[in-house]
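Inspection log for the structure reproduced underneath, given as structure tokens.
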Amino acid sequence: MHKRETIMLEEGDVIELEDGMKVNAYVPEHFIYTNKRGSFEITHGSITLGGHFDYLCGKYVVYKTTSDCGSLSPYHAHNDGHHVYCEKIDDNDIKVDFYQSGSYWAMIEEIEPIGKATRVWEWGG
């Protein structure tokens with residue numbers, strides 16, 4: 001069986017994030033750090049969708065991609081990864097990010113676009 005070629009997401013792609021996928025998100029510290037029990041300060045950290053984070057499941061638009069976080073250290077060298085940033089369609093205040101390639105905890109390698117969005121700017125002047 002041959003491994004299917006991964007389609008790298010690009011700006012404007014619409015994707016659906018589901019229960020069990022791993023992403024980076026802005027959430028209260030007590031979900032990320034064991035020594036921050038009861039802290040509702042917001043921090044950016046790696047989480048698995050579902051449970052407390054069920055509200056993060058849904059459709060998102062990719063607003064940016066980069067190639068970053070590689071390392072040349074002789075002890076832990078790895079290539080840059082395809083970093084995907086997206087915002088939730090029904091609440092664009094919710095933003096998450098993940099990698100499609102590389103060696104990172106928040107990775108979703110097998111994901112395909114379900115549509116395409118176009119950004120429109122309006123001037124109210």
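Labels for the structure tokens follow display order: chains A, B, ..., residues from 1 in each chain, ligands from 1.
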Which residues come within 12 Å of Phe40 in chain A, counting only C-alpha atoms, excluding same-chain residues fewer than 4 positions away, as a list in words? Tyr26, Val27, Pro28, Glu29, His30, Phe31, Ile32, Tyr33 and Lys36 of chain A
Residues near Asn92 in chain A, cut-off 12 Å, only C-alpha atoms, skip fewer than 4 positions along chain, as number ranges by chain: A: 56, 58-63, 86-88, 96
Create the file for the chosen residues now, containing N, CA and C atoms and written as a CSV table (one decimal), in the first residue's frame.
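Listed below is the output, again-v7.csv:
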chain,number,residue,atom,x,y,z
A,56,LEU,N,-13.9,23.9,20.2
A,56,LEU,CA,-12.9,24.2,19.2
A,56,LEU,C,-13.0,23.4,17.9
A,58,GLY,N,-14.8,22.1,14.6
A,58,GLY,CA,-15.7,22.8,13.6
A,58,GLY,C,-14.9,23.2,12.3
A,59,LYS,N,-15.5,24.1,11.6
A,59,LYS,CA,-14.9,24.6,10.3
A,59,LYS,C,-14.0,25.8,10.5
A,60,TYR,N,-12.9,25.8,9.9
A,60,TYR,CA,-11.9,26.9,10.0
A,60,TYR,C,-11.4,27.3,8.6
A,61,VAL,N,-11.0,28.6,8.5
A,61,VAL,CA,-10.3,29.1,7.3
A,61,VAL,C,-8.9,29.3,7.6
A,62,VAL,N,-8.0,28.8,6.7
A,62,VAL,CA,-6.6,29.0,6.9
A,62,VAL,C,-6.3,30.4,6.5
A,63,TYR,N,-5.7,31.2,7.4
A,63,TYR,CA,-5.4,32.6,7.1
A,63,TYR,C,-3.9,32.9,6.8
A,86,CYS,N,-5.2,29.1,11.5
A,86,CYS,CA,-6.6,29.2,11.0
A,86,CYS,C,-7.5,29.9,12.1
A,87,GLU,N,-8.6,30.4,11.6
A,87,GLU,CA,-9.6,31.0,12.4
A,87,GLU,C,-11.0,30.3,12.2
A,88,LYS,N,-11.7,30.2,13.2
A,88,LYS,CA,-13.0,29.5,13.2
A,88,LYS,C,-14.0,30.3,12.4
A,96,VAL,N,-6.5,28.8,16.0
A,96,VAL,CA,-5.7,27.7,16.4
A,96,VAL,C,-4.6,27.6,15.3
Would you give me, as an MDAnalysis selection string, the residues in chain A that DSSP reads as strand (DSSP E or B)? chainID A and resid 13:17 22:28 42:48 58:68 71 78 81:88 91:99 107 115:116
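Each of A:Asp54, A:Asp13, A:Glu110, A:Thr43 was compared to Ala25 in chain A using only C-alpha atoms, and A:Thr43 turns out to be the nearest.
Compared by their closest atoms to Glu16 in chain A, and using only C-alpha atoms, the residues A:His52, A:Asp97, A:Asp91, A:Cys57 rank with A:Cys57 nearest.
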With distances taken over only C-alpha atoms, which of A:Asn35, A:Thr6, A:Thr48, A:Thr118 is nearest to Met21 in chain A? A:Thr48
